[in-house]
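Engineer: Supplied structure: input_24.cif, mmCIF, C-alpha atoms.
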data_my_file
#
loop_
_atom_site.label_atom_id
_atom_site.label_comp_id
_atom_site.auth_asym_id
_atom_site.auth_seq_id
_atom_site.Cartn_x
_atom_site.Cartn_y
_atom_site.Cartn_z
CA MET Q 1 -119.02 -54.15 136.42
CA GLY Q 2 -121.12 -51.17 135.42
CA LEU Q 3 -121.82 -47.64 136.51
CA LYS Q 4 -124.61 -48.60 138.92
CA LEU Q 5 -122.12 -50.55 141.02
CA PHE Q 6 -119.61 -47.70 140.79
CA ASN Q 7 -122.20 -45.19 142.02
CA SER Q 8 -123.12 -47.47 144.91
CA ILE Q 9 -119.49 -47.85 145.95
CA THR Q 10 -118.86 -44.12 145.83
CA ARG Q 11 -121.72 -43.59 148.28
CA LEU Q 12 -120.44 -46.24 150.66
CA PHE Q 13 -116.70 -45.59 150.91
CA ASP Q 14 -114.54 -42.72 152.03
CA LYS Q 15 -112.64 -41.12 149.13
CA ARG Q 16 -109.20 -41.23 150.65
CA GLY Q 17 -106.43 -39.84 148.50
CA LYS Q 18 -108.87 -37.60 146.60
CA SER Q 19 -107.69 -34.25 145.30
CA ASP Q 20 -110.34 -31.55 145.70
CA GLY Q 21 -108.94 -29.83 142.62
CA ALA Q 22 -109.90 -32.64 140.25
CA LYS Q 23 -113.19 -31.78 138.55
CA HIS Q 24 -113.29 -33.59 135.21
CA LYS Q 25 -115.06 -36.94 135.46
CA PHE Q 26 -115.55 -39.25 132.51
CA VAL Q 27 -117.87 -42.26 132.56
CA ASN Q 28 -118.69 -42.79 128.90
CA VAL Q 29 -117.56 -42.06 125.36
CA GLU Q 30 -119.59 -38.86 125.05
CA GLU Q 31 -117.89 -37.35 128.09
CA MET Q 32 -114.46 -38.53 126.96
CA ARG Q 33 -115.03 -36.71 123.67
CA VAL Q 34 -114.46 -33.49 125.63
CA GLU Q 35 -110.79 -34.51 125.42
CA MET Q 36 -110.90 -36.40 122.11
CA PRO Q 37 -113.72 -35.30 119.79
CA ASP Q 38 -113.03 -38.05 117.22
CA LEU Q 39 -113.15 -40.89 119.75
CA LEU Q 40 -114.98 -43.99 118.51
CA TYR Q 41 -117.15 -46.31 120.55
CA GLY Q 42 -115.33 -49.36 121.86
CA TYR Q 43 -116.51 -52.96 121.88
CA LEU Q 44 -117.53 -53.27 125.52
CA SER Q 45 -120.87 -52.24 126.93
CA ASP Q 46 -121.16 -50.72 130.39
CA GLY Q 47 -121.96 -54.13 131.82
CA GLU Q 48 -118.96 -55.74 130.13
CA MET Q 49 -116.43 -53.08 131.08
CA PRO Q 50 -113.90 -54.04 133.78
CA ASN Q 51 -114.28 -51.76 136.80
CA SER Q 52 -110.97 -50.37 138.03
CA LEU Q 53 -112.47 -49.27 141.34
CA VAL Q 54 -113.40 -52.87 142.11
CA LEU Q 55 -110.36 -54.59 140.61
CA LEU Q 56 -107.60 -52.36 142.00
CA ALA Q 57 -106.44 -51.65 145.51
CA PRO Q 58 -106.43 -47.93 146.39
CA PRO Q 59 -103.43 -45.77 145.43
CA PRO Q 60 -100.60 -45.86 147.98
CA GLU Q 61 -100.88 -43.78 151.12
CA PRO Q 62 -98.46 -40.81 151.39
CA ALA Q 63 -96.46 -42.43 154.20
CA SER Q 64 -96.19 -45.84 152.53
CA ALA Q 65 -93.09 -47.49 151.06
CA VAL Q 66 -94.87 -47.71 147.70
CA PHE Q 67 -95.37 -43.96 147.58
CA GLU Q 68 -91.76 -43.39 148.64
CA PHE Q 69 -90.79 -45.47 145.63
CA ASP Q 70 -93.12 -43.37 143.47
CA LEU Q 71 -91.37 -40.22 144.66
CA GLU Q 72 -87.89 -41.64 144.18
CA TYR Q 73 -88.75 -42.93 140.71
CA ALA Q 74 -90.05 -39.50 139.73
CA ARG Q 75 -86.88 -37.83 141.07
CA ARG Q 76 -84.70 -40.25 139.15
CA VAL Q 77 -86.58 -39.75 135.88
CA SER Q 78 -86.49 -35.95 136.23
CA LYS Q 79 -82.67 -36.05 136.22
CA SER Q 80 -82.45 -37.88 132.90
CA LYS Q 81 -80.77 -36.03 130.02
CA ASP Q 82 -81.93 -38.48 127.34
CA GLN Q 83 -83.59 -36.13 124.87
CA ILE Q 84 -84.38 -38.87 122.35
CA ARG Q 85 -86.32 -40.80 124.99
CA PHE Q 86 -88.05 -37.61 126.08
CA LEU Q 87 -89.20 -36.94 122.51
CA GLN Q 88 -90.51 -40.51 122.31
CA ALA Q 89 -92.54 -39.83 125.46
CA VAL Q 90 -93.94 -36.67 123.87
CA SER Q 91 -95.02 -38.72 120.85
CA ASP Q 92 -96.52 -41.49 123.00
CA ALA Q 93 -98.60 -38.91 124.85
CA ASN Q 94 -100.60 -38.17 121.70
CA LEU Q 95 -103.43 -40.70 121.40
CA SER Q 96 -105.17 -38.92 118.53
CA PHE Q 97 -105.43 -40.70 115.20
CA PRO Q 98 -103.68 -41.08 112.84
CA HIS Q 99 -100.72 -40.04 115.02
CA ALA Q 100 -101.23 -42.84 117.57
CA VAL Q 101 -100.46 -45.60 115.08
CA ARG Q 102 -96.83 -44.47 115.00
CA SER Q 103 -96.34 -45.83 118.50
CA PHE Q 104 -96.32 -49.42 117.24
CA GLU Q 105 -95.72 -49.19 113.47
CA ALA Q 106 -91.96 -49.67 113.68
CA THR Q 107 -92.37 -52.58 116.09
CA LEU Q 108 -94.95 -54.34 113.93
CA GLY Q 109 -93.08 -53.65 110.72
CA ILE Q 110 -96.08 -52.51 108.68
CA ASP Q 111 -97.84 -49.23 107.93
CA ILE Q 112 -101.14 -48.79 109.73
CA ASN Q 113 -103.64 -46.54 108.00
CA GLU Q 114 -107.20 -46.37 106.69
CA VAL Q 115 -106.11 -47.35 103.16
CA LEU Q 116 -103.64 -50.21 103.62
CA THR Q 117 -104.94 -51.73 106.87
CA PRO Q 118 -108.39 -50.25 107.55
CA LYS Q 119 -109.54 -53.11 109.77
CA LEU Q 120 -106.43 -52.97 111.96
CA TYR Q 121 -106.70 -49.18 112.12
CA LEU Q 122 -110.32 -49.43 113.31
CA LEU Q 123 -109.57 -52.20 115.82
CA MET Q 124 -106.77 -50.12 117.30
CA ARG Q 125 -109.09 -47.15 117.80
CA ARG Q 126 -111.87 -49.18 119.41
CA VAL Q 127 -109.55 -51.07 121.76
CA MET Q 128 -108.10 -47.72 122.84
CA THR Q 129 -111.55 -46.49 123.84
CA ASP Q 130 -112.26 -49.57 125.96
CA ALA Q 131 -108.87 -49.54 127.66
CA ARG Q 132 -109.05 -45.85 128.55
CA LEU Q 133 -112.62 -46.05 129.76
CA SER Q 134 -111.78 -49.01 132.00
CA THR Q 135 -109.60 -46.74 134.16
CA TYR Q 136 -112.10 -44.00 134.89
CA THR Q 137 -114.11 -45.45 137.77
CA ALA Q 138 -110.92 -45.38 139.87
CA LYS Q 139 -109.68 -42.12 138.34
CA ASN Q 140 -112.96 -40.39 139.18
CA PHE Q 141 -113.14 -41.87 142.66
CA TYR Q 142 -109.61 -41.22 143.93
CA ASN Q 143 -108.70 -38.10 141.92
CA ARG Q 144 -105.06 -38.69 142.72
CA GLU Q 145 -102.76 -35.70 142.17
CA ARG Q 146 -100.22 -35.98 139.38
CA PRO Q 147 -96.45 -35.82 139.94
CA PHE Q 148 -95.98 -32.43 138.28
CA VAL Q 149 -98.54 -30.94 140.68
CA VAL Q 150 -96.55 -32.28 143.62
CA ASN Q 151 -92.94 -31.84 142.47
CA LYS Q 152 -93.45 -28.69 140.35
CA GLN Q 153 -91.24 -30.11 137.59
CA LYS Q 154 -91.93 -29.81 133.85
CA THR Q 155 -94.00 -32.24 131.82
CA CYS Q 156 -93.59 -33.29 128.20
CA THR Q 157 -96.96 -31.74 127.31
CA PRO Q 158 -97.16 -28.31 128.98
CA GLU Q 159 -100.15 -27.41 126.80
CA LEU Q 160 -102.17 -30.15 128.54
CA GLU Q 161 -101.23 -29.44 132.13
CA GLU Q 162 -104.35 -27.47 133.01
CA VAL Q 163 -106.54 -30.31 131.79
CA LEU Q 164 -104.42 -32.96 133.50
CA ARG Q 165 -104.63 -31.12 136.82
CA LYS Q 166 -108.37 -31.76 136.76
CA VAL Q 167 -108.25 -35.46 135.92
CA GLY Q 168 -107.12 -38.06 138.46
CA CYS Q 169 -103.99 -40.02 137.56
CA PHE Q 170 -104.67 -43.41 139.16
CA PRO Q 171 -104.53 -45.64 137.19
CA SER Q 172 -102.85 -44.51 133.98
CA GLY Q 173 -105.14 -44.59 130.95
CA HIS Q 174 -102.17 -44.37 128.57
CA ALA Q 175 -100.50 -47.36 130.23
CA ALA Q 176 -103.76 -49.30 129.97
CA VAL Q 177 -104.02 -48.47 126.26
CA GLY Q 178 -100.39 -49.32 125.51
CA TRP Q 179 -100.58 -52.66 127.29
CA ALA Q 180 -103.96 -53.56 125.76
CA TRP Q 181 -102.59 -52.80 122.29
CA ALA Q 182 -99.49 -54.86 123.01
CA LEU Q 183 -101.52 -57.88 124.11
CA VAL Q 184 -103.79 -57.70 121.06
CA PHE Q 185 -100.89 -57.11 118.66
CA SER Q 186 -99.05 -60.08 120.17
CA GLU Q 187 -101.88 -62.31 119.02
CA ILE Q 188 -101.93 -60.80 115.53
CA PHE Q 189 -98.11 -60.89 115.17
CA PRO Q 190 -97.12 -63.90 117.35
CA ASP Q 191 -93.61 -64.05 115.90
CA LYS Q 192 -92.96 -60.56 117.28
CA GLU Q 193 -94.48 -61.08 120.72
CA LYS Q 194 -91.32 -60.26 122.70
CA VAL Q 195 -90.61 -56.91 121.06
CA ILE Q 196 -94.31 -55.99 121.05
CA LEU Q 197 -94.62 -56.56 124.79
CA GLU Q 198 -91.41 -54.60 125.39
CA ARG Q 199 -92.90 -51.72 123.41
CA GLY Q 200 -96.11 -51.98 125.42
CA LEU Q 201 -94.15 -51.64 128.66
CA ASP Q 202 -92.14 -48.78 127.22
CA PHE Q 203 -95.32 -46.98 126.21
CA GLY Q 204 -96.44 -46.89 129.84
CA GLU Q 205 -92.96 -45.83 130.94
CA SER Q 206 -93.36 -42.75 128.77
CA ARG Q 207 -95.93 -41.44 131.24
CA LEU Q 208 -93.27 -41.43 133.97
CA ILE Q 209 -90.84 -39.61 131.72
CA CYS Q 210 -93.58 -37.08 131.00
CA ASN Q 211 -93.95 -36.52 134.78
CA VAL Q 212 -97.74 -36.92 134.57
CA HIS Q 213 -98.06 -40.31 136.29
CA TRP Q 214 -96.54 -42.06 139.27
CA HIS Q 215 -94.94 -45.48 138.89
CA SER Q 216 -97.85 -47.13 140.73
CA ASP Q 217 -100.31 -45.45 138.32
CA VAL Q 218 -98.56 -47.07 135.38
CA VAL Q 219 -98.38 -50.51 137.01
CA LYS Q 220 -102.10 -50.45 137.75
CA GLY Q 221 -102.84 -49.04 134.32
CA ARG Q 222 -101.25 -52.11 132.77
CA GLU Q 223 -103.44 -54.27 134.99
CA MET Q 224 -106.49 -52.54 133.56
CA GLY Q 225 -105.14 -52.99 130.04
CA LYS Q 226 -104.97 -56.72 130.64
CA ALA Q 227 -108.41 -56.75 132.29
CA THR Q 228 -109.82 -54.98 129.25
CA VAL Q 229 -108.33 -57.51 126.84
CA ASP Q 230 -109.61 -60.37 129.01
CA CYS Q 231 -113.12 -58.92 128.59
CA LEU Q 232 -112.60 -58.39 124.86
CA ARG Q 233 -111.67 -62.04 124.40
CA VAL Q 234 -115.26 -63.04 125.19
CA ASN Q 235 -116.83 -60.26 123.12
CA THR Q 236 -118.33 -61.54 119.86
CA ALA Q 237 -117.87 -58.35 117.85
CA PHE Q 238 -114.23 -58.04 118.87
CA ASN Q 239 -113.45 -61.64 118.00
CA THR Q 240 -115.13 -61.28 114.62
CA ASP Q 241 -113.07 -58.18 113.87
CA LEU Q 242 -109.89 -59.80 115.18
CA LEU Q 243 -110.23 -62.66 112.70
CA GLN Q 244 -110.69 -60.18 109.87
CA VAL Q 245 -107.68 -58.17 111.03
CA LYS Q 246 -105.51 -61.29 111.08
CA GLU Q 247 -106.50 -62.04 107.49
CA GLU Q 248 -105.88 -58.43 106.47
CA VAL Q 249 -102.43 -58.44 108.04
CA PHE Q 250 -101.62 -61.80 106.47
CA GLN Q 251 -102.43 -60.41 103.02
CA VAL Q 252 -100.38 -57.26 103.64
CA LEU Q 253 -97.35 -59.22 104.83
CA LYS Q 254 -97.72 -61.61 101.90
CA SER Q 255 -97.78 -58.66 99.49
CA MET Q 256 -94.73 -57.10 101.18
CA LYS Q 257 -92.81 -60.36 100.88
CA THR Q 258 -93.77 -60.76 97.21
CA ASN Q 259 -92.86 -57.19 96.32
CA GLY Q 260 -89.76 -57.18 98.46
#
Taking this structure as input, can you express it in the form of structure tokens?
Structural biologist:
Amino acid sequence: MGLKLFNSITRLFDKRGKSDGAKHKFVNVEEMRVEMPDLLYGYLSDGEMPNSLVLLAPPPEPASAVFEFDLEYARRVSKSKDQIRFLQAVSDANLSFPHAVRSFEATLGIDINEVLTPKLYLLMRRVMTDARLSTYTAKNFYNRERPFVVNKQKTCTPELEEVLRKVGCFPSGHAAVGWAWALVFSEIFPDKEKVILERGLDFGESRLICNVHWHSDVVKGREMGKATVDCLRVNTAFNTDLLQVKEEVFQVLKSMKTNG
């Protein structure tokens, strides 16, 4: 559902759970380019985009059992001494290209770049835009405070904290992107579905390790990742590109097998 519906809902409902400190609101690619100047347009139009404010229940109330679990999960993660996993979370936080392709390259078993796999590279970028944008109606509406604002603990990206303070955290855009990528990659590499989905879950988990999202943010982010892919599956341009990507990957794997 589009922005007109979102604007109508925001006039009708009380913004419970909203943080008055959150000021950055993104509703389209141009506004998201404040964060990521090289962001491409996605496949979905405003009317095709899944609306997180409509699809998701509100974030948990402070006195709820769900929020108690959020707090406990954050406390548990903050005590971890796993530096390798922390560094992975730092890497997963970076959605800029070409860096972002590293998040799934090892899992897929091929290099992703503009020379070897240009169609896959482009598909990955456009799906990311759609998945991230799908989360912003709820992010903008609820403006939920992030864990590091509440618990005063470090994040994995201290250079981004001032920006993150001004952007609501419910649901997680990174989790939506990671899960959307995982679902799409599972179709392109069906023989690797299990490890791809595990990596998709792990990608969202990185946001908890970074102390920038609550557990419930990540869960709902994955829901929006799936909702985005559901919408993409009936999008003509996406399906056309997906067929071309499958052929591109087939040729790359065939070449790797021949040369290997």
Engineer: Report the residues retrieved by the PyMOL selection byres ((chain Q and resi 185-192) around 9) from the displayed file, expressed as a list in words.
Structural biologist: Thr107, Leu108, Ala180, Trp181, Ala182, Leu183, Val184, Glu193, Lys194, Val195, Ile196, Leu197, Leu242, Leu243, Val245, Lys246 and Val249 of chain Q
Engineer: Residues at most 12 Å from Q:Lys257, counting all atoms listed in the file, excluding those fewer than 4 positions away in the same chain, as a PyMOL selection string?
Structural biologist: chain Q and resi 109-110+250-253
Engineer: Starting from the PyMOL selection byres ((chain Q and resi 227-230) around 7), expand the selection into actual residues of this file and give them as a PDB file with C-alpha atoms, in the frame of the given file.
Structural biologist:
ATOM      1  CA  PRO Q  50    -113.900 -54.040 133.780  1.00  0.00           C
ATOM      2  CA  ASP Q 130    -112.260 -49.570 125.960  1.00  0.00           C
ATOM      3  CA  ALA Q 131    -108.870 -49.540 127.660  1.00  0.00           C
ATOM      4  CA  SER Q 134    -111.780 -49.010 132.000  1.00  0.00           C
ATOM      5  CA  ALA Q 180    -103.960 -53.560 125.760  1.00  0.00           C
ATOM      6  CA  GLU Q 223    -103.440 -54.270 134.990  1.00  0.00           C
ATOM      7  CA  MET Q 224    -106.490 -52.540 133.560  1.00  0.00           C
ATOM      8  CA  GLY Q 225    -105.140 -52.990 130.040  1.00  0.00           C
ATOM      9  CA  LYS Q 226    -104.970 -56.720 130.640  1.00  0.00           C
ATOM     10  CA  CYS Q 231    -113.120 -58.920 128.590  1.00  0.00           C
ATOM     11  CA  LEU Q 232    -112.600 -58.390 124.860  1.00  0.00           C
ATOM     12  CA  ARG Q 233    -111.670 -62.040 124.400  1.00  0.00           C
TER      13      ARG Q 233
END
Engineer: Calculated over all atoms listed in the file, which of the candidates Q:Tyr41, Q:Phe86, Q:Phe141, Q:Phe203 has the smallest distance to Q:Met124?
Structural biologist: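 Of Q:Tyr41, Q:Phe86, Q:Phe141, Q:Phe203, the one nearest Q:Met124, counting all atoms listed in the file, is Q:Tyr41.
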Engineer: How many Å lie between atom CA of Q:Ala74 and atom CA of Q:Gly204, rounded to one decimal?
Structural biologist: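 According to the coordinates, atom CA of Q:Ala74 and atom CA of Q:Gly204 are separated by 13.9 Å.
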Engineer: One number please: atom CA of Q:Ala57 to atom CA of Q:Thr135, in Å, one decimal.
Structural biologist: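 Between atom CA of Q:Ala57 and atom CA of Q:Thr135 the gap works out to 12.8 Å.
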Engineer: If you measure from atom CA of Q:Asp92 to atom CA of Q:Glu105, what distance in Å do you get, rounded to one decimal?
Structural biologist: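 Between atom CA of Q:Asp92 and atom CA of Q:Glu105 the gap works out to 12.3 Å.
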Engineer: Given the PyMOL selection byres ((chain Q and resi 121) around 12) and the file above, list the residues it selects as an mmCIF file with C-alpha atoms, keeping the file's coordinate frame.
Structural biologist:
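part_18.cif was written with the following content:
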data_model
loop_
_atom_site.group_PDB
_atom_site.id
_atom_site.type_symbol
_atom_site.label_atom_id
_atom_site.label_comp_id
_atom_site.auth_asym_id
_atom_site.auth_seq_id
_atom_site.Cartn_x
_atom_site.Cartn_y
_atom_site.Cartn_z
ATOM 1 C CA LEU Q 40 -114.980 -43.990 118.510
ATOM 2 C CA PHE Q 97 -105.430 -40.700 115.200
ATOM 3 C CA PRO Q 98 -103.680 -41.080 112.840
ATOM 4 C CA HIS Q 99 -100.720 -40.040 115.020
ATOM 5 C CA ALA Q 100 -101.230 -42.840 117.570
ATOM 6 C CA VAL Q 101 -100.460 -45.600 115.080
ATOM 7 C CA ARG Q 102 -96.830 -44.470 115.000
ATOM 8 C CA PHE Q 104 -96.320 -49.420 117.240
ATOM 9 C CA GLU Q 105 -95.720 -49.190 113.470
ATOM 10 C CA ILE Q 110 -96.080 -52.510 108.680
ATOM 11 C CA ASP Q 111 -97.840 -49.230 107.930
ATOM 12 C CA ILE Q 112 -101.140 -48.790 109.730
ATOM 13 C CA ASN Q 113 -103.640 -46.540 108.000
ATOM 14 C CA GLU Q 114 -107.200 -46.370 106.690
ATOM 15 C CA VAL Q 115 -106.110 -47.350 103.160
ATOM 16 C CA LEU Q 116 -103.640 -50.210 103.620
ATOM 17 C CA THR Q 117 -104.940 -51.730 106.870
ATOM 18 C CA PRO Q 118 -108.390 -50.250 107.550
ATOM 19 C CA LYS Q 119 -109.540 -53.110 109.770
ATOM 20 C CA LEU Q 120 -106.430 -52.970 111.960
ATOM 21 C CA LEU Q 122 -110.320 -49.430 113.310
ATOM 22 C CA LEU Q 123 -109.570 -52.200 115.820
ATOM 23 C CA MET Q 124 -106.770 -50.120 117.300
ATOM 24 C CA ARG Q 125 -109.090 -47.150 117.800
ATOM 25 C CA ARG Q 126 -111.870 -49.180 119.410
ATOM 26 C CA VAL Q 127 -109.550 -51.070 121.760
ATOM 27 C CA MET Q 128 -108.100 -47.720 122.840
ATOM 28 C CA TRP Q 181 -102.590 -52.800 122.290
ATOM 29 C CA PHE Q 185 -100.890 -57.110 118.660
ATOM 30 C CA ASP Q 241 -113.070 -58.180 113.870
ATOM 31 C CA LEU Q 242 -109.890 -59.800 115.180
ATOM 32 C CA GLN Q 244 -110.690 -60.180 109.870
ATOM 33 C CA VAL Q 245 -107.680 -58.170 111.030
ATOM 34 C CA GLU Q 248 -105.880 -58.430 106.470
ATOM 35 C CA VAL Q 249 -102.430 -58.440 108.040
#
Engineer: Looking at only C-alpha atoms, which of Q:Ile209, Q:Met256, Q:Tyr43, Q:Arg222 is the one that sits closest to Q:Arg76?
Structural biologist: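 Of the candidates, the smallest distance to Q:Arg76 is held by Q:Ile209.
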Engineer: Using all atoms listed in the file for the distances, tell me which of Q:Val34, Q:Ala237, Q:Cys156, Q:Cys169 is nearest to Q:Ala93.
Structural biologist: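 Once distances to Q:Ala93 are computed over all atoms listed in the file, the minimum belongs to Q:Cys156.
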Engineer: My list of candidates is Q:Arg146, Q:Lys139, Q:Lys254, Q:Arg165. Which is closest to Q:Lys220 when distances are computed with all atoms listed in the file?
Structural biologist: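 Among the listed residues, the smallest separation from Q:Lys220 belongs to Q:Lys139.
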Engineer: In the coordinate frame of the file, compute which residues have an atom within 12 Å of (-95.6, -31.7, 140.5) when using all atoms listed in the file, and state them as a ChimeraX atom specification.
Structural biologist: /Q:71,74-75,78,144-155,161,164-165,208,210-214
Engineer: Can I get stretch 158-167 of chain Q with all heavy atoms filled in, as a compact mmCIF listing (two decimals), in the frame of the given file?
Structural biologist:
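Generated output (result.txt):
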# COMPACT_ATOMS: atom_id res chain seq x y z
N PRO Q 158 -96.73 -29.46 128.17
CA PRO Q 158 -97.16 -28.31 128.98
C PRO Q 158 -98.51 -27.75 128.56
O PRO Q 158 -99.24 -27.20 129.39
CB PRO Q 158 -96.04 -27.29 128.76
CG PRO Q 158 -95.33 -27.74 127.51
CD PRO Q 158 -95.44 -29.22 127.51
N GLU Q 159 -98.87 -27.92 127.29
CA GLU Q 159 -100.15 -27.41 126.80
C GLU Q 159 -101.34 -28.17 127.39
O GLU Q 159 -102.48 -27.69 127.33
CB GLU Q 159 -100.19 -27.46 125.27
CG GLU Q 159 -100.33 -28.85 124.67
CD GLU Q 159 -99.03 -29.64 124.62
OE1 GLU Q 159 -98.00 -29.14 125.12
OE2 GLU Q 159 -99.04 -30.76 124.05
N LEU Q 160 -101.09 -29.33 127.97
CA LEU Q 160 -102.17 -30.15 128.54
C LEU Q 160 -102.22 -30.11 130.06
O LEU Q 160 -103.09 -30.74 130.67
CB LEU Q 160 -102.02 -31.61 128.08
CG LEU Q 160 -102.13 -31.88 126.59
CD1 LEU Q 160 -101.91 -33.36 126.32
CD2 LEU Q 160 -103.48 -31.43 126.05
N GLU Q 161 -101.33 -29.38 130.67
CA GLU Q 161 -101.23 -29.44 132.13
C GLU Q 161 -102.49 -28.98 132.84
O GLU Q 161 -102.89 -29.57 133.85
CB GLU Q 161 -100.01 -28.63 132.60
CG GLU Q 161 -98.69 -29.32 132.28
CD GLU Q 161 -97.48 -28.52 132.71
OE1 GLU Q 161 -97.66 -27.53 133.47
OE2 GLU Q 161 -96.36 -28.87 132.31
N GLU Q 162 -103.14 -27.95 132.34
CA GLU Q 162 -104.35 -27.47 133.01
C GLU Q 162 -105.45 -28.51 132.99
O GLU Q 162 -106.21 -28.68 133.95
CB GLU Q 162 -104.83 -26.16 132.38
CG GLU Q 162 -103.99 -24.95 132.77
CD GLU Q 162 -103.81 -24.82 134.28
OE1 GLU Q 162 -104.83 -24.80 135.00
OE2 GLU Q 162 -102.65 -24.75 134.75
N VAL Q 163 -105.55 -29.23 131.88
CA VAL Q 163 -106.54 -30.31 131.79
C VAL Q 163 -106.15 -31.46 132.71
O VAL Q 163 -106.99 -31.98 133.46
CB VAL Q 163 -106.66 -30.83 130.34
CG1 VAL Q 163 -107.54 -32.08 130.27
CG2 VAL Q 163 -107.23 -29.75 129.43
N LEU Q 164 -104.88 -31.84 132.69
CA LEU Q 164 -104.42 -32.96 133.50
C LEU Q 164 -104.57 -32.71 134.99
O LEU Q 164 -104.79 -33.64 135.77
CB LEU Q 164 -102.96 -33.29 133.16
CG LEU Q 164 -102.71 -33.85 131.76
CD1 LEU Q 164 -101.22 -33.98 131.50
CD2 LEU Q 164 -103.40 -35.20 131.59
N ARG Q 165 -104.44 -31.46 135.40
CA ARG Q 165 -104.63 -31.12 136.82
C ARG Q 165 -106.03 -31.50 137.30
O ARG Q 165 -106.23 -31.76 138.50
CB ARG Q 165 -104.44 -29.62 137.04
CG ARG Q 165 -103.02 -29.12 136.95
CD ARG Q 165 -102.96 -27.61 137.11
NE ARG Q 165 -101.64 -27.09 136.80
CZ ARG Q 165 -100.65 -27.02 137.68
NH1 ARG Q 165 -100.85 -27.41 138.92
NH2 ARG Q 165 -99.46 -26.55 137.31
N LYS Q 166 -106.97 -31.54 136.39
CA LYS Q 166 -108.37 -31.76 136.76
C LYS Q 166 -108.83 -33.19 136.54
O LYS Q 166 -110.00 -33.49 136.71
CB LYS Q 166 -109.25 -30.80 135.95
CG LYS Q 166 -108.95 -29.34 136.22
CD LYS Q 166 -109.78 -28.42 135.34
CE LYS Q 166 -109.44 -26.96 135.57
NZ LYS Q 166 -110.21 -26.06 134.68
N VAL Q 167 -107.91 -34.05 136.15
CA VAL Q 167 -108.25 -35.46 135.92
C VAL Q 167 -107.35 -36.33 136.78
O VAL Q 167 -106.12 -36.20 136.73
CB VAL Q 167 -108.08 -35.85 134.44
CG1 VAL Q 167 -108.48 -37.31 134.23
CG2 VAL Q 167 -108.90 -34.94 133.55
